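Structure first, then comments.
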Amino acid sequence: MKPNYEKETFNISLSRYEWSIRVFSTLKKVLGVNIRMHHSENQLQTGSIFVFNHFARFETFIPQYLMYQEVGALCRSVAASEFFKKEETLSDYLCSVGAVPNNYTHLLPFLAEEILRGKKVIIFPEGGMVKDRRVLDQRGHYSVYSPTARERRKHHTGAAVLALMLEGFKSGIRIAKQKNDQVLLDAWAERLNVKNTDALLEQAHKPTLIIPSNITFFPLRVGDNMLRKGVDLFSSNLGRHHTEELLIEGNLLLKNTDMDIRLGEPVVMSEHWNRWDRKLTNMAVREADSMATFFGIGQKNDNMLEKILGRSLRKKVLKVRNEYMHKVYACVTINLSHLASRLIYLLIQNKQNEIDKALFHKILYLAVKKVQAAPQVYLHRSLLNPDAYSHLLEGKAPGVLKFIEAAEQKDLIKTTDHRYQFLDKLRNEYDFHEIRLENIISVYANEAHPVSEVTIAIEHAMKQAPKIKLDELAKIRFDDELTSYQWDKKLFDKPRYLDINNQETATQSAAPYLLRPSSLIPSRKNRVGILLLHGFLSSPAELRPIADELYSLGYTCIGVRLKGHGTSPWDLRSRKWTDWSQSVRHNYRILSEWVDRIIIVGFSTGGALALALASEQPEKLAGVVSVAPPLKFMDKSFILVPLVHGANRITRWIPAFEGVMPFRHNDPENPDINYRNIPFHALYELKCFIDDYAAHLSNVTAPVRLIQGTQDPVVDPKSAELLQKKLVNAETELVWVDAQCHGILHASLSEAKTQLIDFITKNGDRHVK
C-alpha cells in the first residue's frame with residue numbers, strides 16, 4: 001500500500017536549493033570528476049521531462065545542479081522511497097530540494113502539475129543502477145536486470161505516461177481557449193495553483209518534450225581509493241556490495257574522470273496524439289475535477305469510450321517508452337575503451353581467443369577512423385583528438401596501454417611479446433554487484449552495444465586491417481595530422497586566450513600539407529620524399545614555396561606542423577620540445593610508407609630538429625639540409641630565459657596568475673606566418689632542446705649540407721661552424737649565403753634554394769639502409 005504524503009511535504013525550499021547548488025559548485029572544484037554537458041540550443045529551456053540512464057548513485061544529483069546553473073530552472077526528481085522516512089533529516093532535505101518518492105500515490109499527476117507551474121522533471125526509467133550496463137537482451141530488445149526480482153525486466157513507463165497525459169491535458173486547455181470557455185480555464189488555473197489563466201495558457205502552448213539524456217563516465221577504474229580506505233577504518237564489516245560501490249564511485253569522484261552528459265533529440269508528444277484521442281482527452285479535461293482524476297481516464301472498463309482510449313494509451317505508452325530509451329542509449333559518449341572492449345568480444349564471438357598485438361592495434365585504429373565518419377555516433381574527445389589515439393599503430397597509445405594493464409591485473413587478458421590472449425574470465429557470468437569490479441571490459445562492451453554503428457565500424461575494420469596497404473594507411477594517418485591541427489586550433493580559440501590571439505597577424509594557412517606526384521607517371525624522383533620542417537614560432541606555410549617547387553620537380557613532400565605552432569601562442573606555451581620531436585618522427589614514418597629514400601629539409605629550429613632526427617639514424621634517410629640551425633643566438637638575453645621561466649613557474653602556483661612575464665613581444669620577418677607573441681616557456685623548451693640535440697650530433701652519419709646567412713640577425717652565424725665541427729661522423733658541407741635576414745629560404749634568395757635543390761638532386765639516388 002502506498003503511503004499518503006501531503007503535497008506540502010514536497011514544497012521546494014529555494015534557500016536550501018540554492019545552498020545545495022553552492023555546495024556542489026564548491027565540491028566540483030575539488031573533486032576529480034570533469035562534468036561536460038552537451039546539448040543543442042534551447043534544449044534545456046524547451047524540455048519538460050528529462051530521462052537519464054543510471055550507473056552511479058551520486059549522478060542523480062547532478063542534472064538538477066546543471067539545469068539550475070544554466071537556465072535557472074527548478075527541478076523535480078523521482079527518488080527511491082527507501083530514502084523517505086518520517087522525521088528523518090535526509091527525507092526532509094530531499095523533499096526540500098525537489099525529490100519525490102517513487103511510491104507517492106499521486107506521483108505522475110503531481111509531476112504534471114509541477115511542469116505546468118514551470119518546473120522540470122528528471123526521471124531515471126531504468127528504475128535503479130544498471131551496473132553491468134547491459135540493456136539489450138539476446139533478442140536485441142531493451143531490458144535491464146532487477147537485483148531485487150533477480151530477473152530481467154522492461155524499463156519503467158512512468159515518463160511516457162506523464163508526457164502523454166500532460167500533452168492530452170494541454171490539448172484540452174487549448175481547445176477550451178478556442179471555445180472561450182473561461183469558466184473551465186479559471187477552474188483549472190485555481191486547481192493547479194498557477195498565477196492566472198494566462199500563465200496556464202502559456203504552459204499549454206508549449207510543446208511537451210521528453211529529452212533523452214545519457215551520462216557516460218570515462219575511464220572506469222577498479223583500484224582502491226581514499227574513500228573506501230577511510231570507511232574501512234571505521235567499519236571492518238563492510239559488505240562486498242558496499243565495497244564495490246565505494247571503489248567504483250569513489251574513483252569516479254576522486255580520480256580524473258570525465259562525466260559526459262549528452263542530451264538527445266526530443267521525443268515530441270504531439271506526434272503521438274491523433275484527432276480522435278484529442279477529442280476524448282478534451283472530454284476528460286472538462287469532466288475531471290483534479291489532475292489525479294484526469295490521469296485516471298482510460299482505466300474504467302464499464303465505459304466503452306474509456307476502454308478504447310485506455311487501449312490506445314497503453315500502445316502509445318510502450319511506443320514512447322521504446323523511443324526515448326533507444327535515444328538515451330544512442331547518446332552514449334563512445335570512447336577508446338568501448339571500441340577495444342567491443343572488439344575483444346567480437347573476436348571471442350568468432351572463436352578467436354588470441355590475436356597478434358599489431359593486428360589488434362591496427363583494427364582498433366581503423367575502427368576509430370570509421371566511427372569518426374559515422375554521423376550518428378557521439379565521440380569522447382579521446383577519439384576526436386589524434387594525440388590520444390594516433391600512436392595506436394606503434395602500440396603506444398596511452399589510453400589503450402592503461403586499458404590492457406587494468407585487464408591484465410584482473411586476469412581478463414594475458415599479454416606475451418607479440419600477442420594478446422583472452423582468458424576464460426571474460427566469458428564468466430558475474431553477480432550484479434560484482435561485475436564492475438571483476439570484468440570492466442564487459443561493462444564497456446555492454447554500454448557500447450546499443451550503438452549499432454560502433455559494431456559495424458569494428459566489423460568493417462576487422463575485415464580491412466589484414467589486407468590494407470601501407471600507403472593507404474599512411475594517407476589515413478596524414479589525415480590525422482590535419483584533424484590534429486583543427487583540434488588544437490579550436491582548443492585554443494576560447495575567450496581566455498583572446499587577448500593574445502587578437503594580437504596575432506598570421507594569415508597564411510598553417511595546416512600541414514602532403515604533395516604527392518601522380519603515380520601514373522613513373523620517375524626515380526617519385527621514390528624520393530622530402531620532409532620539410534619549419535622554424536620556431538612559424539608554421540608549415542614558411543616552407544610551402546620550396547615544397548611547391550620540389551613537388552613540381554617530381555618529389556613527394558610533407559610539410560610538418562610542429563606541435564604548438566600555427567594555432568595560438570597559448571598552444572605553444574603548453575608544449576615541450578619533445579612534442580616537436582614527436583611531430584617530426586611521426587611524419588617521417590608516414591612519408592616512409594610512400595618512398596624509398598627521404599631527405600629532411602629544415603629551417604632554423606626545424607633545421608636543428610632535422611639533425612636531431614638524423615642522429616637517431618632512421619631507415620631510408622638519404623640526407624639532411626639544415627638551413628640556419630641554431631646553437632647560439634644573437635640576442636644575448638636568451639641566457640636569462642631559465643631565470644624568467646623559473647619565476648613564471650613559481651607564480652603560476654597562484655590561482656588565476658599566469659606568471660611574471662608569460663609572453664614576450666616579437667617582431668617577425670614574416671608577420672603573415674609567425675607568432676607575434678613568444679611564450680617564455682617555449683623559449684625555455686627551445687634552450688633545453690638545443691642542449692639535447694647538440695649532445696647527439698656525433699651520431700649523425702647521413703650526408704648534411706648546412707646553409708647559413710652571413711649576417712643572420714637571429715641565429716649567430718658561428719653556430720654553423722660549431723655544428724660542422726660536432727658532425728664528426730657525417731659528410732658535411734657548409735655553404736654561406738650573403739644575406740642580412742634570417743629567413744633565407746622564405747626570402748626567395750636564389751642561392752639558398754639552388755644549394756638546397758642541388759643537394760637533393762645529388763643525394764636523392766643515394767643508397768640507404
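Each chain in the C-alpha cells gets a letter, A, B, ..., in the order shown, and its residues are numbered from 1; ligands are numbered from 1 in order too.
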
Practice problem: Considering only C-alpha atoms, return as number ranges by chain whatever protein or nucleic-acid residues lie within 7 Å of range 495-511 of chain A, sequence-local ones (same chain, fewer than 2 positions apart) excluded. | Solution: A: 482, 485, 492-493, 513, 539-541, 561, 566, 568, 570, 671-676

Quiz prompt | DSSP-assigned alpha helix (DSSP H) members of range 679-762 of chain A, reported as a ChimeraX atom specification | solution = /A:680-694,718-726,750-762

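Our summary of the geometry notes that CA of Ala610 in chain A is positioned 10.4 Å from CA of Val700 in chain A.
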
So that I can check the surroundings of range 68-82 of chain A, please list as a JSON list (two decimals) with all heavy atoms, in the first residue's frame every protein, DNA and RNA residue that reaches within 9 Å of it, counting only C-alpha atoms and ignoring chain neighbours fewer than 6 positions away.
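Result saved to around-v6.json:
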[["chain", "number", "residue", "atom", "x", "y", "z"],
["A", 12, "ILE", "N", 9.36, 22.97, -2.33],
["A", 12, "ILE", "CA", 10.79, 23.23, -2.52],
["A", 12, "ILE", "C", 11.20, 24.46, -1.74],
["A", 12, "ILE", "O", 10.53, 25.50, -1.79],
["A", 12, "ILE", "CB", 11.12, 23.41, -4.01],
["A", 12, "ILE", "CG1", 10.92, 22.10, -4.76],
["A", 12, "ILE", "CG2", 12.55, 23.91, -4.20],
["A", 12, "ILE", "CD1", 11.15, 22.20, -6.25],
["A", 14, "LEU", "N", 13.60, 27.30, -1.66],
["A", 14, "LEU", "CA", 14.52, 27.95, -2.58],
["A", 14, "LEU", "C", 15.87, 28.21, -1.92],
["A", 14, "LEU", "O", 16.92, 28.04, -2.54],
["A", 14, "LEU", "CB", 13.93, 29.26, -3.09],
["A", 14, "LEU", "CG", 14.72, 29.97, -4.19],
["A", 14, "LEU", "CD1", 14.89, 29.07, -5.41],
["A", 14, "LEU", "CD2", 14.04, 31.27, -4.58],
["A", 17, "TYR", "N", 17.68, 24.94, -1.75],
["A", 17, "TYR", "CA", 18.03, 24.54, -3.11],
["A", 17, "TYR", "C", 19.29, 25.29, -3.56],
["A", 17, "TYR", "O", 20.25, 24.69, -4.06],
["A", 17, "TYR", "CB", 16.86, 24.86, -4.04],
["A", 17, "TYR", "CG", 16.81, 24.08, -5.33],
["A", 17, "TYR", "CD1", 15.96, 22.99, -5.48],
["A", 17, "TYR", "CD2", 17.58, 24.44, -6.43],
["A", 17, "TYR", "CE1", 15.88, 22.28, -6.66],
["A", 17, "TYR", "CE2", 17.53, 23.74, -7.62],
["A", 17, "TYR", "CZ", 16.67, 22.66, -7.73],
["A", 17, "TYR", "OH", 16.60, 21.95, -8.91],
["A", 18, "GLU", "N", 19.29, 26.60, -3.34],
["A", 18, "GLU", "CA", 20.43, 27.41, -3.75],
["A", 18, "GLU", "C", 21.66, 27.10, -2.92],
["A", 18, "GLU", "O", 22.79, 27.11, -3.43],
["A", 18, "GLU", "CB", 20.07, 28.90, -3.65],
["A", 18, "GLU", "CG", 19.04, 29.32, -4.70],
["A", 18, "GLU", "CD", 18.65, 30.78, -4.58],
["A", 18, "GLU", "OE1", 18.83, 31.35, -3.47],
["A", 18, "GLU", "OE2", 18.17, 31.36, -5.56],
["A", 21, "ILE", "N", 23.17, 24.04, -4.37],
["A", 21, "ILE", "CA", 23.88, 24.35, -5.62],
["A", 21, "ILE", "C", 25.26, 24.93, -5.30],
["A", 21, "ILE", "O", 26.26, 24.56, -5.93],
["A", 21, "ILE", "CB", 23.07, 25.35, -6.47],
["A", 21, "ILE", "CG1", 21.74, 24.74, -6.90],
["A", 21, "ILE", "CG2", 23.88, 25.81, -7.67],
["A", 21, "ILE", "CD1", 21.83, 23.54, -7.78],
["A", 44, "LEU", "N", 17.46, 22.78, -23.02],
["A", 44, "LEU", "CA", 17.17, 22.87, -21.58],
["A", 44, "LEU", "C", 15.94, 23.73, -21.33],
["A", 44, "LEU", "O", 15.16, 23.45, -20.41],
["A", 44, "LEU", "CB", 18.38, 23.44, -20.84],
["A", 44, "LEU", "CG", 19.63, 22.56, -20.81],
["A", 44, "LEU", "CD1", 20.77, 23.27, -20.13],
["A", 44, "LEU", "CD2", 19.34, 21.24, -20.11],
["A", 45, "GLN", "N", 15.76, 24.78, -22.11],
["A", 45, "GLN", "CA", 14.61, 25.66, -21.90],
["A", 45, "GLN", "C", 13.31, 24.99, -22.32],
["A", 45, "GLN", "O", 12.29, 25.10, -21.62],
["A", 45, "GLN", "CB", 14.79, 26.97, -22.69],
["A", 45, "GLN", "CG", 15.89, 27.88, -22.15],
["A", 45, "GLN", "CD", 17.22, 27.62, -22.83],
["A", 45, "GLN", "OE1", 17.49, 26.51, -23.29],
["A", 45, "GLN", "NE2", 18.08, 28.63, -22.85],
["A", 60, "THR", "N", 22.65, 11.17, -9.63],
["A", 60, "THR", "CA", 21.25, 11.58, -9.57],
["A", 60, "THR", "C", 21.09, 13.02, -9.10],
["A", 60, "THR", "O", 20.03, 13.62, -9.28],
["A", 60, "THR", "CB", 20.46, 10.65, -8.64],
["A", 60, "THR", "OG1", 21.06, 10.66, -7.33],
["A", 60, "THR", "CG2", 20.45, 9.22, -9.16],
["A", 61, "PHE", "N", 22.14, 13.60, -8.50],
["A", 61, "PHE", "CA", 22.05, 14.98, -8.02],
["A", 61, "PHE", "C", 22.55, 15.99, -9.06],
["A", 61, "PHE", "O", 22.29, 17.19, -8.94],
["A", 61, "PHE", "CB", 22.89, 15.16, -6.74],
["A", 61, "PHE", "CG", 22.43, 14.31, -5.61],
["A", 61, "PHE", "CD1", 23.05, 13.10, -5.31],
["A", 61, "PHE", "CD2", 21.34, 14.69, -4.83],
["A", 61, "PHE", "CE1", 22.62, 12.31, -4.27],
["A", 61, "PHE", "CE2", 20.90, 13.90, -3.78],
["A", 61, "PHE", "CZ", 21.54, 12.70, -3.49],
["A", 94, "LEU", "N", 15.73, 15.95, 1.14],
["A", 94, "LEU", "CA", 15.40, 15.55, -0.23],
["A", 94, "LEU", "C", 14.12, 16.21, -0.71],
["A", 94, "LEU", "O", 14.03, 16.68, -1.84],
["A", 94, "LEU", "CB", 15.28, 14.02, -0.31],
["A", 94, "LEU", "CG", 16.59, 13.23, -0.16],
["A", 94, "LEU", "CD1", 16.30, 11.73, -0.11],
["A", 94, "LEU", "CD2", 17.54, 13.54, -1.30],
["A", 97, "VAL", "N", 14.54, 19.89, -1.72],
["A", 97, "VAL", "CA", 15.30, 20.22, -2.94],
["A", 97, "VAL", "C", 14.67, 19.58, -4.17],
["A", 97, "VAL", "O", 15.32, 19.46, -5.22],
["A", 97, "VAL", "CB", 16.78, 19.80, -2.80],
["A", 97, "VAL", "CG1", 17.48, 20.63, -1.75],
["A", 97, "VAL", "CG2", 16.92, 18.31, -2.52],
["A", 98, "GLY", "N", 13.42, 19.15, -4.07],
["A", 98, "GLY", "CA", 12.68, 18.75, -5.25],
["A", 98, "GLY", "C", 12.48, 17.27, -5.47],
["A", 98, "GLY", "O", 11.85, 16.87, -6.45],
["A", 99, "ALA", "N", 13.01, 16.42, -4.59],
["A", 99, "ALA", "CA", 12.85, 14.97, -4.78],
["A", 99, "ALA", "C", 11.46, 14.51, -4.32],
["A", 99, "ALA", "O", 10.89, 15.04, -3.36],
["A", 99, "ALA", "CB", 13.93, 14.22, -4.01],
["A", 100, "VAL", "N", 10.94, 13.53, -5.03],
["A", 100, "VAL", "CA", 9.63, 12.95, -4.70],
["A", 100, "VAL", "C", 9.80, 11.43, -4.68],
["A", 100, "VAL", "O", 10.42, 10.86, -5.58],
["A", 100, "VAL", "CB", 8.57, 13.33, -5.76],
["A", 100, "VAL", "CG1", 7.19, 12.85, -5.32],
["A", 100, "VAL", "CG2", 8.56, 14.84, -6.00],
["A", 101, "PRO", "N", 9.26, 10.74, -3.65],
["A", 101, "PRO", "CA", 9.42, 9.28, -3.60],
["A", 101, "PRO", "C", 8.65, 8.58, -4.72],
["A", 101, "PRO", "O", 7.57, 9.02, -5.11],
["A", 101, "PRO", "CB", 8.86, 8.92, -2.22],
["A", 101, "PRO", "CG", 7.93, 10.02, -1.88],
["A", 101, "PRO", "CD", 8.50, 11.26, -2.49],
["A", 102, "ASN", "N", 9.24, 7.50, -5.21],
["A", 102, "ASN", "CA", 8.61, 6.81, -6.34],
["A", 102, "ASN", "C", 7.33, 6.07, -5.96],
["A", 102, "ASN", "O", 6.63, 5.56, -6.83],
["A", 102, "ASN", "CB", 9.60, 5.85, -7.02],
["A", 102, "ASN", "CG", 10.14, 4.80, -6.06],
["A", 102, "ASN", "OD1", 9.72, 4.69, -4.91],
["A", 102, "ASN", "ND2", 11.10, 4.02, -6.54],
["A", 103, "ASN", "N", 7.03, 6.01, -4.65],
["A", 103, "ASN", "CA", 5.79, 5.33, -4.24],
["A", 103, "ASN", "C", 4.70, 6.32, -3.83],
["A", 103, "ASN", "O", 3.71, 5.94, -3.22],
["A", 103, "ASN", "CB", 6.07, 4.35, -3.09],
["A", 103, "ASN", "CG", 6.52, 5.07, -1.81],
["A", 103, "ASN", "OD1", 6.91, 6.23, -1.84],
["A", 103, "ASN", "ND2", 6.46, 4.36, -0.68],
["A", 104, "TYR", "N", 4.89, 7.58, -4.16],
["A", 104, "TYR", "CA", 3.86, 8.58, -3.85],
["A", 104, "TYR", "C", 2.61, 8.26, -4.66],
["A", 104, "TYR", "O", 2.66, 8.05, -5.88],
["A", 104, "TYR", "CB", 4.41, 9.97, -4.20],
["A", 104, "TYR", "CG", 3.41, 11.09, -4.01],
["A", 104, "TYR", "CD1", 2.53, 11.13, -2.92],
["A", 104, "TYR", "CD2", 3.35, 12.15, -4.92],
["A", 104, "TYR", "CE1", 1.63, 12.16, -2.76],
["A", 104, "TYR", "CE2", 2.46, 13.20, -4.77],
["A", 104, "TYR", "CZ", 1.59, 13.19, -3.68],
["A", 104, "TYR", "OH", 0.69, 14.22, -3.52],
["A", 107, "LEU", "N", 1.91, 10.42, -7.81],
["A", 107, "LEU", "CA", 3.20, 10.87, -8.33],
["A", 107, "LEU", "C", 3.09, 11.55, -9.70],
["A", 107, "LEU", "O", 3.50, 12.70, -9.86],
["A", 107, "LEU", "CB", 4.17, 9.68, -8.41],
["A", 107, "LEU", "CG", 5.54, 9.99, -9.03],
["A", 107, "LEU", "CD1", 6.29, 11.00, -8.18],
["A", 107, "LEU", "CD2", 6.36, 8.70, -9.18],
["A", 111, "LEU", "N", 3.56, 15.51, -10.69],
["A", 111, "LEU", "CA", 4.64, 15.98, -11.57],
["A", 111, "LEU", "C", 4.09, 16.78, -12.74],
["A", 111, "LEU", "O", 4.70, 17.77, -13.17],
["A", 111, "LEU", "CB", 5.46, 14.79, -12.07],
["A", 111, "LEU", "CG", 6.25, 14.01, -11.01],
["A", 111, "LEU", "CD1", 6.95, 12.82, -11.63],
["A", 111, "LEU", "CD2", 7.26, 14.91, -10.30],
["A", 114, "GLU", "N", 3.41, 20.20, -11.53],
["A", 114, "GLU", "CA", 4.65, 20.95, -11.35],
["A", 114, "GLU", "C", 5.21, 21.46, -12.68],
["A", 114, "GLU", "O", 5.72, 22.57, -12.76],
["A", 114, "GLU", "CB", 5.70, 20.07, -10.65],
["A", 114, "GLU", "CG", 5.42, 19.82, -9.18],
["A", 114, "GLU", "CD", 5.65, 21.06, -8.35],
["A", 114, "GLU", "OE1", 4.77, 21.96, -8.34],
["A", 114, "GLU", "OE2", 6.72, 21.19, -7.72],
["A", 115, "ILE", "N", 5.09, 20.66, -13.72],
["A", 115, "ILE", "CA", 5.53, 21.12, -15.04],
["A", 115, "ILE", "C", 4.69, 22.32, -15.48],
["A", 115, "ILE", "O", 5.21, 23.30, -16.02],
["A", 115, "ILE", "CB", 5.43, 19.98, -16.07],
["A", 115, "ILE", "CG1", 6.46, 18.90, -15.75],
["A", 115, "ILE", "CG2", 5.64, 20.50, -17.49],
["A", 115, "ILE", "CD1", 6.32, 17.63, -16.58],
["A", 118, "GLY", "N", 5.89, 25.44, -14.21],
["A", 118, "GLY", "CA", 7.17, 25.93, -14.71],
["A", 118, "GLY", "C", 8.39, 25.13, -14.31],
["A", 118, "GLY", "O", 9.52, 25.54, -14.62],
["A", 119, "LYS", "N", 8.22, 24.01, -13.65],
["A", 119, "LYS", "CA", 9.37, 23.22, -13.23],
["A", 119, "LYS", "C", 9.71, 22.15, -14.26],
["A", 119, "LYS", "O", 8.91, 21.80, -15.12],
["A", 119, "LYS", "CB", 9.12, 22.59, -11.86],
["A", 119, "LYS", "CG", 8.93, 23.60, -10.75],
["A", 119, "LYS", "CD", 8.75, 22.92, -9.40],
["A", 119, "LYS", "CE", 8.58, 23.95, -8.27],
["A", 119, "LYS", "NZ", 7.34, 24.74, -8.41],
["A", 120, "LYS", "N", 10.94, 21.61, -14.16],
["A", 120, "LYS", "CA", 11.38, 20.49, -14.98],
["A", 120, "LYS", "C", 11.27, 19.21, -14.16],
["A", 120, "LYS", "O", 11.28, 19.25, -12.93],
["A", 120, "LYS", "CB", 12.84, 20.67, -15.43],
["A", 120, "LYS", "CG", 13.16, 22.02, -16.04],
["A", 120, "LYS", "CD", 12.59, 22.18, -17.43],
["A", 120, "LYS", "CE", 13.03, 23.49, -18.05],
["A", 120, "LYS", "NZ", 12.41, 23.72, -19.37],
["A", 121, "VAL", "N", 11.20, 18.08, -14.86],
["A", 121, "VAL", "CA", 11.12, 16.79, -14.17],
["A", 121, "VAL", "C", 12.23, 15.88, -14.67],
["A", 121, "VAL", "O", 12.44, 15.76, -15.88],
["A", 121, "VAL", "CB", 9.75, 16.12, -14.38],
["A", 121, "VAL", "CG1", 9.76, 14.68, -13.89],
["A", 121, "VAL", "CG2", 8.66, 16.91, -13.67],
["A", 122, "ILE", "N", 12.93, 15.25, -13.73],
["A", 122, "ILE", "CA", 14.01, 14.32, -14.06],
["A", 122, "ILE", "C", 13.61, 12.91, -13.62],
["A", 122, "ILE", "O", 13.22, 12.70, -12.47],
["A", 122, "ILE", "CB", 15.32, 14.73, -13.36],
["A", 122, "ILE", "CG1", 15.80, 16.07, -13.94],
["A", 122, "ILE", "CG2", 16.39, 13.66, -13.52],
["A", 122, "ILE", "CD1", 16.91, 16.71, -13.15],
["A", 123, "ILE", "N", 13.70, 11.97, -14.54],
["A", 123, "ILE", "CA", 13.29, 10.59, -14.26],
["A", 123, "ILE", "C", 14.38, 9.63, -14.73],
["A", 123, "ILE", "O", 15.00, 9.84, -15.78],
["A", 123, "ILE", "CB", 11.95, 10.26, -14.97],
["A", 123, "ILE", "CG1", 10.83, 11.13, -14.39],
["A", 123, "ILE", "CG2", 11.60, 8.79, -14.84],
["A", 123, "ILE", "CD1", 9.49, 10.95, -15.08],
["A", 124, "PHE", "N", 14.60, 8.58, -13.95],
["A", 124, "PHE", "CA", 15.54, 7.52, -14.30],
["A", 124, "PHE", "C", 14.73, 6.26, -14.60],
["A", 124, "PHE", "O", 14.44, 5.48, -13.69],
["A", 124, "PHE", "CB", 16.53, 7.28, -13.17],
["A", 124, "PHE", "CG", 17.45, 8.45, -12.91],
["A", 124, "PHE", "CD1", 17.05, 9.48, -12.07],
["A", 124, "PHE", "CD2", 18.69, 8.52, -13.52],
["A", 124, "PHE", "CE1", 17.88, 10.57, -11.84],
["A", 124, "PHE", "CE2", 19.53, 9.60, -13.29],
["A", 124, "PHE", "CZ", 19.12, 10.63, -12.45],
["A", 127, "GLY", "N", 14.98, 2.53, -13.31],
["A", 127, "GLY", "CA", 14.46, 2.13, -12.00],
["A", 127, "GLY", "C", 15.52, 1.76, -10.99],
["A", 127, "GLY", "O", 15.20, 1.29, -9.89],
["A", 128, "GLY", "N", 16.77, 1.97, -11.31],
["A", 128, "GLY", "CA", 17.87, 1.63, -10.41],
["A", 128, "GLY", "C", 19.17, 1.64, -11.19],
["A", 128, "GLY", "O", 19.19, 1.80, -12.41]]

Extract, using only C-alpha atoms, all DNA, RNA and protein residues at most 6 Å from range 216-225 of chain A, discarding same-chain residues fewer than 6 positions from it, and format them as an mmCIF file with all heavy atoms, in the first residue's frame.
data_model
loop_
_atom_site.group_PDB
_atom_site.id
_atom_site.type_symbol
_atom_site.label_atom_id
_atom_site.label_comp_id
_atom_site.auth_asym_id
_atom_site.auth_seq_id
_atom_site.Cartn_x
_atom_site.Cartn_y
_atom_site.Cartn_z
ATOM 1 N N LEU A 247 34.392 1.683 -4.121
ATOM 2 C CA LEU A 247 35.539 1.634 -5.015
ATOM 3 C C LEU A 247 35.230 2.306 -6.345
ATOM 4 O O LEU A 247 35.962 3.199 -6.790
ATOM 5 C CB LEU A 247 35.951 0.177 -5.259
ATOM 6 C CG LEU A 247 36.759 -0.505 -4.154
ATOM 7 C CD1 LEU A 247 36.932 -1.983 -4.455
ATOM 8 C CD2 LEU A 247 38.120 0.158 -4.004
ATOM 9 N N ILE A 248 34.146 1.870 -6.968
ATOM 10 C CA ILE A 248 33.826 2.389 -8.305
ATOM 11 C C ILE A 248 33.456 3.861 -8.247
ATOM 12 O O ILE A 248 34.019 4.696 -8.977
ATOM 13 C CB ILE A 248 32.683 1.575 -8.942
ATOM 14 C CG1 ILE A 248 33.088 0.103 -9.105
ATOM 15 C CG2 ILE A 248 32.290 2.177 -10.284
ATOM 16 C CD1 ILE A 248 34.272 -0.122 -10.016
ATOM 17 N N THR A 257 38.164 11.781 -13.869
ATOM 18 C CA THR A 257 37.150 11.069 -14.636
ATOM 19 C C THR A 257 36.302 12.064 -15.411
ATOM 20 O O THR A 257 35.892 13.091 -14.881
ATOM 21 C CB THR A 257 36.230 10.257 -13.704
ATOM 22 O OG1 THR A 257 37.030 9.379 -12.897
ATOM 23 C CG2 THR A 257 35.240 9.429 -14.510
ATOM 24 N N ASP A 258 36.041 11.746 -16.665
ATOM 25 C CA ASP A 258 35.145 12.572 -17.478
ATOM 26 C C ASP A 258 33.713 12.070 -17.316
ATOM 27 O O ASP A 258 33.448 10.876 -17.437
ATOM 28 C CB ASP A 258 35.532 12.503 -18.952
ATOM 29 C CG ASP A 258 36.810 13.263 -19.244
ATOM 30 O OD1 ASP A 258 37.162 14.151 -18.452
ATOM 31 O OD2 ASP A 258 37.471 12.956 -20.252
ATOM 32 N N MET A 259 32.805 12.993 -17.047
ATOM 33 C CA MET A 259 31.379 12.680 -16.967
ATOM 34 C C MET A 259 30.689 13.476 -18.068
ATOM 35 O O MET A 259 30.474 14.672 -17.950
ATOM 36 C CB MET A 259 30.820 13.069 -15.595
ATOM 37 C CG MET A 259 29.343 12.802 -15.422
ATOM 38 S SD MET A 259 28.782 13.301 -13.761
ATOM 39 C CE MET A 259 27.046 12.841 -13.846
ATOM 40 N N ASP A 260 30.408 12.782 -19.164
ATOM 41 C CA ASP A 260 29.761 13.443 -20.304
ATOM 42 C C ASP A 260 28.255 13.260 -20.215
ATOM 43 O O ASP A 260 27.756 12.126 -20.197
ATOM 44 C CB ASP A 260 30.282 12.858 -21.607
ATOM 45 C CG ASP A 260 31.677 13.337 -21.936
ATOM 46 O OD1 ASP A 260 31.800 14.455 -22.456
ATOM 47 O OD2 ASP A 260 32.644 12.601 -21.662
ATOM 48 N N THR A 333 28.477 8.421 -24.992
ATOM 49 C CA THR A 333 29.675 9.078 -25.498
ATOM 50 C C THR A 333 30.756 8.011 -25.659
ATOM 51 O O THR A 333 31.360 7.573 -24.682
ATOM 52 C CB THR A 333 30.141 10.196 -24.547
ATOM 53 O OG1 THR A 333 29.077 11.146 -24.389
ATOM 54 C CG2 THR A 333 31.362 10.919 -25.099
ATOM 55 N N LEU A 437 33.650 -4.687 -10.731
ATOM 56 C CA LEU A 437 34.956 -4.967 -10.154
ATOM 57 C C LEU A 437 35.712 -6.037 -10.927
ATOM 58 O O LEU A 437 36.921 -5.952 -11.118
ATOM 59 C CB LEU A 437 34.812 -5.426 -8.695
ATOM 60 C CG LEU A 437 34.532 -4.364 -7.633
ATOM 61 C CD1 LEU A 437 34.363 -5.024 -6.277
ATOM 62 C CD2 LEU A 437 35.657 -3.346 -7.583
#

Quiz item: In range 283-488 of chain A, what's strand (DSSP E or B) per DSSP? Answer as JSON, numbers by chain?
Solution: {"A": [333, 334, 354, 355, 356, 378, 379, 413, 414, 415, 419, 420, 421, 422]}

Practice problem: Write out as a list of chain:residue names each polymer residue whose atoms come within 7 Å of Tyr588 in chain A, counting only C-alpha atoms; drop sequence neighbours fewer than 4 positions from it. | Solution: A:Leu531, A:Val584, A:Ser592

With N, CA, C and O atoms retained, write the just-selected residues as an mmCIF file, in the first residue's frame.
data_model
loop_
_atom_site.group_PDB
_atom_site.id
_atom_site.type_symbol
_atom_site.label_atom_id
_atom_site.label_comp_id
_atom_site.auth_asym_id
_atom_site.auth_seq_id
_atom_site.Cartn_x
_atom_site.Cartn_y
_atom_site.Cartn_z
ATOM 1 N N LEU A 531 60.923 15.768 -46.364
ATOM 2 C CA LEU A 531 60.241 16.155 -45.122
ATOM 3 C C LEU A 531 60.673 17.573 -44.781
ATOM 4 O O LEU A 531 61.858 17.826 -44.545
ATOM 5 N N VAL A 584 57.977 15.400 -35.732
ATOM 6 C CA VAL A 584 58.901 15.084 -36.817
ATOM 7 C C VAL A 584 58.961 13.576 -37.041
ATOM 8 O O VAL A 584 58.854 13.089 -38.176
ATOM 9 N N SER A 592 57.675 7.617 -45.017
ATOM 10 C CA SER A 592 58.481 6.445 -45.375
ATOM 11 C C SER A 592 57.649 5.339 -46.024
ATOM 12 O O SER A 592 58.205 4.456 -46.685
#

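CA of Leu359 in chain A to CA of Ala474 in chain A spans 15.8 Å [interatomic distance, one decimal].
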